[in-house]
$ cat target.pdb   # PDB, C-alpha atoms, pLDDT in the B column
MODEL        1
ATOM      1  CA  MET S   1    -134.296  75.176  94.471  1.00 75.00           C
ATOM      2  CA  GLY S   2    -137.160  73.818  96.521  1.00 80.00           C
ATOM      3  CA  LYS S   3    -136.132  70.228  95.834  1.00 87.00           C
ATOM      4  CA  ILE S   4    -132.579  70.882  97.043  1.00 87.00           C
ATOM      5  CA  ILE S   5    -133.732  72.498 100.268  1.00 87.00           C
ATOM      6  CA  PHE S   6    -136.276  69.730 100.827  1.00 90.00           C
ATOM      7  CA  ARG S   7    -133.600  67.054 100.367  1.00 91.00           C
ATOM      8  CA  PHE S   8    -131.306  68.754 102.880  1.00 88.00           C
ATOM      9  CA  TRP S   9    -134.212  69.108 105.302  1.00 88.00           C
ATOM     10  CA  LEU S  10    -135.120  65.444 104.873  1.00 91.00           C
ATOM     11  CA  VAL S  11    -131.525  64.344 105.511  1.00 91.00           C
ATOM     12  CA  ASN S  12    -131.433  66.547 108.602  1.00 90.00           C
ATOM     13  CA  VAL S  13    -134.678  65.087 109.941  1.00 90.00           C
ATOM     14  CA  LEU S  14    -133.375  61.558 109.367  1.00 91.00           C
ATOM     15  CA  ILE S  15    -130.139  62.415 111.200  1.00 90.00           C
ATOM     16  CA  SER S  16    -132.176  63.970 114.010  1.00 88.00           C
ATOM     17  CA  VAL S  17    -134.385  60.919 114.407  1.00 89.00           C
ATOM     18  CA  ALA S  18    -131.380  58.585 114.266  1.00 91.00           C
ATOM     19  CA  LEU S  19    -129.631  60.602 116.981  1.00 88.00           C
ATOM     20  CA  PHE S  20    -132.809  60.601 119.061  1.00 87.00           C
ATOM     21  CA  ILE S  21    -133.094  56.813 118.795  1.00 89.00           C
ATOM     22  CA  LEU S  22    -129.409  56.444 119.645  1.00 90.00           C
ATOM     23  CA  TYR S  23    -129.906  58.793 122.600  1.00 83.00           C
ATOM     24  CA  ARG S  24    -132.774  56.642 123.853  1.00 84.00           C
ATOM     25  CA  LEU S  25    -130.681  53.479 123.419  1.00 87.00           C
ATOM     26  CA  VAL S  26    -127.856  55.008 125.440  1.00 83.00           C
ATOM     27  CA  ILE S  27    -130.356  55.889 128.164  1.00 78.00           C
ATOM     28  CA  ALA S  28    -131.673  52.333 128.132  1.00 77.00           C
ATOM     29  CA  GLU S  29    -128.161  50.896 128.470  1.00 79.00           C
ATOM     30  CA  THR S  30    -127.142  52.995 131.473  1.00 71.00           C
ATOM     31  CA  ASN S  31    -126.223  51.137 134.622  1.00 69.00           C
ATOM     32  CA  THR S  32    -129.365  50.957 136.747  1.00 68.00           C
ATOM     33  CA  ALA S  33    -128.212  48.638 139.500  1.00 69.00           C
ATOM     34  CA  ALA S  34    -129.718  49.764 142.787  1.00 66.00           C
ATOM     35  CA  THR S  35    -129.477  47.934 146.088  1.00 74.00           C
ATOM     36  CA  GLY S  36    -131.846  49.879 148.294  1.00 80.00           C
ATOM     37  CA  PHE S  37    -135.200  51.585 148.073  1.00 82.00           C
ATOM     38  CA  LEU S  38    -133.735  55.098 148.012  1.00 82.00           C
ATOM     39  CA  GLU S  39    -131.227  54.180 145.296  1.00 80.00           C
ATOM     40  CA  THR S  40    -134.064  52.700 143.231  1.00 81.00           C
ATOM     41  CA  ILE S  41    -135.979  55.990 143.492  1.00 84.00           C
ATOM     42  CA  ILE S  42    -132.881  57.937 142.427  1.00 77.00           C
ATOM     43  CA  VAL S  43    -132.322  55.622 139.441  1.00 77.00           C
ATOM     44  CA  ILE S  44    -135.958  56.053 138.377  1.00 80.00           C
ATOM     45  CA  LEU S  45    -135.674  59.838 138.664  1.00 80.00           C
ATOM     46  CA  ASP S  46    -132.451  59.776 136.644  1.00 78.00           C
ATOM     47  CA  ILE S  47    -134.154  57.806 133.870  1.00 78.00           C
ATOM     48  CA  VAL S  48    -137.143  60.178 133.888  1.00 82.00           C
ATOM     49  CA  VAL S  49    -134.828  63.206 133.640  1.00 78.00           C
ATOM     50  CA  ASN S  50    -132.919  61.570 130.779  1.00 78.00           C
ATOM     51  CA  LEU S  51    -136.151  60.786 128.935  1.00 81.00           C
ATOM     52  CA  GLY S  52    -137.331  64.360 129.433  1.00 81.00           C
ATOM     53  CA  PHE S  53    -134.073  65.760 128.056  1.00 78.00           C
ATOM     54  CA  SER S  54    -134.224  63.415 125.084  1.00 80.00           C
ATOM     55  CA  THR S  55    -137.759  64.574 124.282  1.00 83.00           C
ATOM     56  CA  ILE S  56    -136.718  68.225 124.525  1.00 82.00           C
ATOM     57  CA  TYR S  57    -133.745  67.393 122.311  1.00 81.00           C
ATOM     58  CA  LEU S  58    -136.043  65.902 119.664  1.00 83.00           C
ATOM     59  CA  PHE S  59    -138.333  68.937 119.625  1.00 84.00           C
ATOM     60  CA  VAL S  60    -135.405  71.374 119.392  1.00 83.00           C
ATOM     61  CA  VAL S  61    -133.669  69.558 116.523  1.00 83.00           C
ATOM     62  CA  ILE S  62    -136.933  69.244 114.573  1.00 84.00           C
ATOM     63  CA  LEU S  63    -137.578  72.962 115.095  1.00 84.00           C
ATOM     64  CA  CYS S  64    -134.030  73.767 113.982  1.00 83.00           C
ATOM     65  CA  SER S  65    -134.456  71.635 110.889  1.00 85.00           C
ATOM     66  CA  LEU S  66    -137.584  73.588 109.923  1.00 86.00           C
ATOM     67  CA  LEU S  67    -135.421  76.701 109.708  1.00 84.00           C
ATOM     68  CA  PHE S  68    -133.810  75.200 106.594  1.00 85.00           C
ATOM     69  CA  PHE S  69    -136.881  76.303 104.653  1.00 87.00           C
ATOM     70  CA  LEU S  70    -135.936  79.939 105.221  1.00 86.00           C
ATOM     71  CA  ASN S  71    -133.412  79.373 102.440  1.00 85.00           C
ATOM     72  CA  HIS S  72    -136.321  79.691 100.003  1.00 86.00           C
ATOM     73  CA  ILE S  73    -135.962  83.446 100.564  1.00 87.00           C
ATOM     74  CA  GLU S  74    -133.484  84.768  98.016  1.00 86.00           C
ATOM     75  CA  LYS S  75    -131.772  87.232 100.392  1.00 89.00           C
ATOM     76  CA  ILE S  76    -131.126  84.526 102.966  1.00 86.00           C
ATOM     77  CA  ARG S  77    -129.927  81.986 100.408  1.00 85.00           C
ATOM     78  CA  ARG S  78    -127.443  84.406  98.804  1.00 85.00           C
ATOM     79  CA  ASN S  79    -126.047  85.644 102.131  1.00 86.00           C
ATOM     80  CA  LYS S  80    -123.683  83.048 103.584  1.00 87.00           C
ATOM     81  CA  VAL S  81    -124.050  84.297 107.152  1.00 89.00           C
ATOM     82  CA  LEU S  82    -127.845  84.218 107.120  1.00 88.00           C
ATOM     83  CA  SER S  83    -127.831  80.856 105.392  1.00 88.00           C
ATOM     84  CA  PHE S  84    -125.413  79.557 108.028  1.00 89.00           C
ATOM     85  CA  LEU S  85    -127.764  80.791 110.749  1.00 87.00           C
ATOM     86  CA  THR S  86    -130.611  78.764 109.268  1.00 87.00           C
ATOM     87  CA  PHE S  87    -128.482  75.631 109.153  1.00 86.00           C
ATOM     88  CA  SER S  88    -126.178  75.773 112.179  1.00 84.00           C
ATOM     89  CA  GLY S  89    -126.478  79.127 113.905  1.00 83.00           C
ATOM     90  CA  ILE S  90    -129.608  78.472 115.922  1.00 81.00           C
ATOM     91  CA  PRO S  91    -128.424  75.000 117.060  1.00 82.00           C
ATOM     92  CA  ALA S  92    -125.086  76.596 117.995  1.00 84.00           C
ATOM     93  CA  VAL S  93    -126.876  79.178 120.155  1.00 84.00           C
ATOM     94  CA  CYS S  94    -128.822  76.374 121.860  1.00 79.00           C
ATOM     95  CA  LEU S  95    -125.561  74.500 122.432  1.00 78.00           C
ATOM     96  CA  VAL S  96    -123.879  77.553 123.960  1.00 82.00           C
ATOM     97  CA  LEU S  97    -126.867  78.066 126.279  1.00 82.00           C
ATOM     98  CA  LEU S  98    -126.661  74.417 127.318  1.00 75.00           C
ATOM     99  CA  ILE S  99    -122.938  74.741 128.063  1.00 76.00           C
ATOM    100  CA  ILE S 100    -123.567  77.861 130.149  1.00 79.00           C
ATOM    101  CA  TYR S 101    -126.339  76.041 132.020  1.00 75.00           C
ATOM    102  CA  ILE S 102    -124.022  73.114 132.755  1.00 72.00           C
ATOM    103  CA  LEU S 103    -121.176  75.372 133.884  1.00 74.00           C
ATOM    104  CA  VAL S 104    -123.440  77.371 136.172  1.00 75.00           C
ATOM    105  CA  GLY S 105    -124.867  74.166 137.635  1.00 69.00           C
ATOM    106  CA  VAL S 106    -121.431  72.712 138.265  1.00 67.00           C
ATOM    107  CA  TYR S 107    -120.029  75.950 139.675  1.00 69.00           C
ATOM    108  CA  LYS S 108    -123.020  76.980 141.790  1.00 71.00           C
ATOM    109  CA  TYR S 109    -124.141  73.602 143.092  1.00 67.00           C
ATOM    110  CA  ASN S 110    -120.864  71.629 142.899  1.00 62.00           C
ATOM    111  CA  MET S 111    -122.582  68.728 141.195  1.00 60.00           C
ATOM    112  CA  VAL S 112    -121.931  66.732 138.082  1.00 56.00           C
ATOM    113  CA  LEU S 113    -124.934  66.669 135.806  1.00 64.00           C
ATOM    114  CA  ASP S 114    -124.657  63.416 133.868  1.00 69.00           C
ATOM    115  CA  PRO S 115    -127.931  63.775 131.925  1.00 70.00           C
ATOM    116  CA  LEU S 116    -126.830  67.196 130.705  1.00 72.00           C
ATOM    117  CA  LYS S 117    -123.448  65.830 129.659  1.00 76.00           C
ATOM    118  CA  MET S 118    -125.157  63.234 127.480  1.00 78.00           C
ATOM    119  CA  LEU S 119    -127.427  65.911 126.012  1.00 78.00           C
ATOM    120  CA  LEU S 120    -124.348  68.017 125.306  1.00 80.00           C
ATOM    121  CA  LEU S 121    -122.643  65.136 123.504  1.00 84.00           C
ATOM    122  CA  PHE S 122    -125.607  64.489 121.214  1.00 84.00           C
ATOM    123  CA  SER S 123    -126.029  68.233 120.610  1.00 83.00           C
ATOM    124  CA  VAL S 124    -122.416  68.523 119.463  1.00 87.00           C
ATOM    125  CA  VAL S 125    -122.906  65.601 117.060  1.00 90.00           C
ATOM    126  CA  TYR S 126    -126.059  67.252 115.659  1.00 88.00           C
ATOM    127  CA  LEU S 127    -124.258  70.585 115.286  1.00 88.00           C
ATOM    128  CA  ALA S 128    -121.389  68.912 113.425  1.00 91.00           C
ATOM    129  CA  SER S 129    -123.865  67.306 111.027  1.00 91.00           C
ATOM    130  CA  THR S 130    -125.566  70.651 110.342  1.00 90.00           C
ATOM    131  CA  VAL S 131    -122.216  72.300 109.614  1.00 91.00           C
ATOM    132  CA  LEU S 132    -121.434  69.526 107.138  1.00 93.00           C
ATOM    133  CA  GLU S 133    -124.846  69.956 105.518  1.00 91.00           C
ATOM    134  CA  PHE S 134    -124.282  73.704 105.275  1.00 91.00           C
ATOM    135  CA  VAL S 135    -120.944  73.224 103.512  1.00 92.00           C
ATOM    136  CA  LEU S 136    -122.528  70.831 101.016  1.00 93.00           C
ATOM    137  CA  PHE S 137    -125.493  73.175 100.512  1.00 90.00           C
ATOM    138  CA  ARG S 138    -123.195  76.141  99.796  1.00 90.00           C
ATOM    139  CA  LYS S 139    -121.239  74.088  97.238  1.00 92.00           C
ATOM    140  CA  ILE S 140    -124.447  73.203  95.411  1.00 89.00           C
ATOM    141  CA  ILE S 141    -125.704  76.800  95.528  1.00 86.00           C
ATOM    142  CA  GLU S 142    -122.408  78.199  94.251  1.00 86.00           C
ATOM    143  CA  LYS S 143    -122.331  75.606  91.477  1.00 88.00           C
ATOM    144  CA  GLN S 144    -125.858  76.604  90.412  1.00 83.00           C
ATOM    145  CA  GLN S 145    -125.024  80.303  90.492  1.00 78.00           C
ATOM    146  CA  ALA S 146    -121.892  79.774  88.398  1.00 79.00           C
ATOM    147  CA  ALA S 147    -123.713  77.769  85.718  1.00 73.00           C
ATOM    148  CA  PRO S 148    -125.058  79.896  82.873  1.00 68.00           C
ATOM    149  CA  LYS S 149    -128.821  79.969  82.578  1.00 65.00           C
ATOM    150  CA  VAL S 150    -130.158  78.450  79.371  1.00 59.00           C
ATOM    151  CA  LYS S 151    -133.282  79.954  77.789  1.00 57.00           C
ATOM    152  CA  GLN S 152    -135.793  77.513  76.442  1.00 53.00           C
TER
ENDMDL
END
$ encode --input "target.pdb" --output "structure tokens"
Amino acid sequence: MGKIIFRFWLVNVLISVALFILYRLVIAETNTAATGFLETIIVILDIVVNLGFSTIYLFVVILCSLLFFLNHIEKIRRNKVLSFLTFSGIPAVCLVLLIIYILVGVYKYNMVLDPLKMLLLFSVVYLASTVLEFVLFRKIIEKQQAAPKVKQ
């Protein structure tokens, strides 16, 4: 069982790092044309905010991937809801909090928060990948539970 969980964790970490690198590439490719001194300062601040969000994103997805190891506990592994929480539930809660933060910012301050929109996009992609991993994990677990145990 440990090998299966480790493989899923490893795939999740690789997906997380790939999304982080892609996030950084998208930040690097943003339009940074500035004509004046003040616009240059704003562009620099925007890049710094984007880099900060991407670093937070990396730490959160790595932390969420460590929760996969809770499936070593028999009660969690057998319960589909608890197992789902270890795979996708915690990232989903983080995503909902991010959406609420964006909505409050837009409603209260009447501003569009582009860095948060990009963070939201990459968070949705990560959440979709964890849901897919959960479905595959449950299929493997159910297949193992259905197979008769052979005594040696």
$ residues_around --input "target.pdb" --residues "Ile27 of chain S" --least-positions-apart "3" --cutoff "12 Å" --atoms "only C-alpha atoms" --output "PyMOL selection string"
chain S and resi 20-24+30-32+43-44+46-54+114-115+118-119
$ resolve_selection --input "target.pdb" --expression "the PyMOL selection byres ((chain S and resi 56-72) around 9)" --output "PyMOL selection string"
chain S and resi 1-2+5-6+8-10+12-13+16-17+19-20+51-55+73-78+82-83+85-88+90-91+94+119+122-123+126+130
$ closest_residue --input "target.pdb" --among "S:Leu14, S:Ile41, S:Ala92, S:Ile100" --to "Val124 of chain S" --atoms "all atoms listed in the file"
S:Ala92
$ atom_distance --input "target.pdb" --atom1 "atom CA of Leu103 of chain S" --atom2 "atom CA of Ile42 of chain S"
22.7 Å
$ closest_residue --input "target.pdb" --among "S:Arg7, S:Ala18, S:Ala147, S:Arg138" --to "Lys80 of chain S" --atoms "only C-alpha atoms"
S:Arg138
$ residues_around --input "target.pdb" --residues "Leu98 of chain S" --least-positions-apart "4" --cutoff "8 Å" --atoms "all atoms listed in the file" --output "PyMOL selection string"
chain S and resi 94+102+116+120
$ atom_distance --input "target.pdb" --atom1 "atom CA of Val135 of chain S" --atom2 "atom CA of Leu97 of chain S"
24.0 Å
$ atom_distance --input "target.pdb" --atom1 "atom CA of Ile4 of chain S" --atom2 "atom CA of Leu121 of chain S"
28.8 Å
$ decode --input "target.pdb" --residues "segment 63-74 of chain S" --atoms "all heavy atoms" --output "CSV table (one decimal), in the first residue's frame"
chain,number,residue,atom,x,y,z
S,63,LEU,N,2.3,21.2,0.5
S,63,LEU,CA,1.7,20.9,1.8
S,63,LEU,C,0.5,20.0,1.5
S,63,LEU,O,0.3,19.0,2.2
S,63,LEU,CB,1.3,22.1,2.5
S,63,LEU,CG,0.6,21.8,3.8
S,63,LEU,CD1,1.5,21.2,4.9
S,63,LEU,CD2,-0.1,23.1,4.4
S,64,CYS,N,-0.3,20.3,0.5
S,64,CYS,CA,-1.5,19.5,0.2
S,64,CYS,C,-1.1,18.1,-0.3
S,64,CYS,O,-1.8,17.1,0.0
S,64,CYS,CB,-2.3,20.2,-0.9
S,64,CYS,SG,-3.2,21.7,-0.2
S,65,SER,N,0.0,18.0,-1.0
S,65,SER,CA,0.4,16.7,-1.5
S,65,SER,C,0.9,15.8,-0.3
S,65,SER,O,0.8,14.6,-0.4
S,65,SER,CB,1.5,16.9,-2.6
S,65,SER,OG,2.7,17.3,-2.0
S,66,LEU,N,1.5,16.4,0.7
S,66,LEU,CA,1.9,15.7,1.9
S,66,LEU,C,0.7,15.0,2.6
S,66,LEU,O,0.9,14.0,3.3
S,66,LEU,CB,2.7,16.5,2.8
S,66,LEU,CG,4.1,17.0,2.4
S,66,LEU,CD1,4.7,17.9,3.4
S,66,LEU,CD2,5.0,15.8,2.1
S,67,LEU,N,-0.5,15.6,2.4
S,67,LEU,CA,-1.6,15.0,3.0
S,67,LEU,C,-2.0,13.6,2.4
S,67,LEU,O,-2.8,12.8,3.0
S,67,LEU,CB,-2.8,15.9,2.9
S,67,LEU,CG,-2.7,17.2,3.7
S,67,LEU,CD1,-3.9,18.1,3.4
S,67,LEU,CD2,-2.6,17.0,5.2
S,68,PHE,N,-1.5,13.3,1.3
S,68,PHE,CA,-1.7,12.0,0.6
S,68,PHE,C,-1.3,10.9,1.6
S,68,PHE,O,-1.9,9.8,1.6
S,68,PHE,CB,-0.9,11.9,-0.7
S,68,PHE,CG,-1.5,12.6,-1.8
S,68,PHE,CD1,-2.4,13.7,-1.7
S,68,PHE,CD2,-1.2,12.2,-3.1
S,68,PHE,CE1,-2.9,14.3,-2.8
S,68,PHE,CE2,-1.7,12.9,-4.2
S,68,PHE,CZ,-2.6,13.9,-4.0
S,69,PHE,N,-0.2,11.1,2.4
S,69,PHE,CA,0.3,10.1,3.2
S,69,PHE,C,-0.6,9.7,4.4
S,69,PHE,O,-0.4,8.7,5.0
S,69,PHE,CB,1.7,10.5,3.7
S,69,PHE,CG,2.7,10.5,2.7
S,69,PHE,CD1,3.3,11.6,2.3
S,69,PHE,CD2,3.1,9.3,2.1
S,69,PHE,CE1,4.3,11.6,1.3
S,69,PHE,CE2,4.1,9.3,1.1
S,69,PHE,CZ,4.7,10.5,0.7
S,70,LEU,N,-1.7,10.5,4.6
S,70,LEU,CA,-2.7,10.1,5.6
S,70,LEU,C,-3.5,8.9,5.2
S,70,LEU,O,-4.1,8.3,6.0
S,70,LEU,CB,-3.6,11.3,5.8
S,70,LEU,CG,-3.0,12.5,6.6
S,70,LEU,CD1,-4.0,13.6,6.7
S,70,LEU,CD2,-2.6,12.1,8.0
S,71,ASN,N,-3.4,8.5,3.9
S,71,ASN,CA,-4.0,7.3,3.4
S,71,ASN,C,-3.4,6.1,3.9
S,71,ASN,O,-3.9,5.0,3.7
S,71,ASN,CB,-4.2,7.3,1.9
S,71,ASN,CG,-5.3,8.3,1.4
S,71,ASN,OD1,-6.4,8.0,1.7
S,71,ASN,ND2,-4.9,9.3,0.8
S,72,HIS,N,-2.2,6.2,4.6
S,72,HIS,CA,-1.6,5.0,5.2
S,72,HIS,C,-2.5,4.5,6.4
S,72,HIS,O,-2.5,3.3,6.7
S,72,HIS,CB,-0.3,5.3,5.8
S,72,HIS,CG,0.8,5.3,4.7
S,72,HIS,ND1,1.2,4.1,4.1
S,72,HIS,CD2,1.6,6.2,4.2
S,72,HIS,CE1,2.2,4.4,3.3
S,72,HIS,NE2,2.4,5.7,3.3
S,73,ILE,N,-3.3,5.4,7.0
S,73,ILE,CA,-4.2,5.1,8.0
S,73,ILE,C,-5.4,4.3,7.4
S,73,ILE,O,-6.1,4.8,6.5
S,73,ILE,CB,-4.7,6.3,8.8
S,73,ILE,CG1,-3.4,7.1,9.4
S,73,ILE,CG2,-5.6,6.0,9.9
S,73,ILE,CD1,-3.7,8.4,9.9
S,74,GLU,N,-5.7,3.2,8.0
S,74,GLU,CA,-6.7,2.3,7.4
S,74,GLU,C,-8.1,2.9,7.4
S,74,GLU,O,-8.8,2.8,6.4
S,74,GLU,CB,-6.8,1.0,8.2
S,74,GLU,CG,-7.7,-0.1,7.7
S,74,GLU,CD,-7.2,-0.7,6.4
S,74,GLU,OE1,-5.9,-0.8,6.2
S,74,GLU,OE2,-8.0,-1.3,5.7
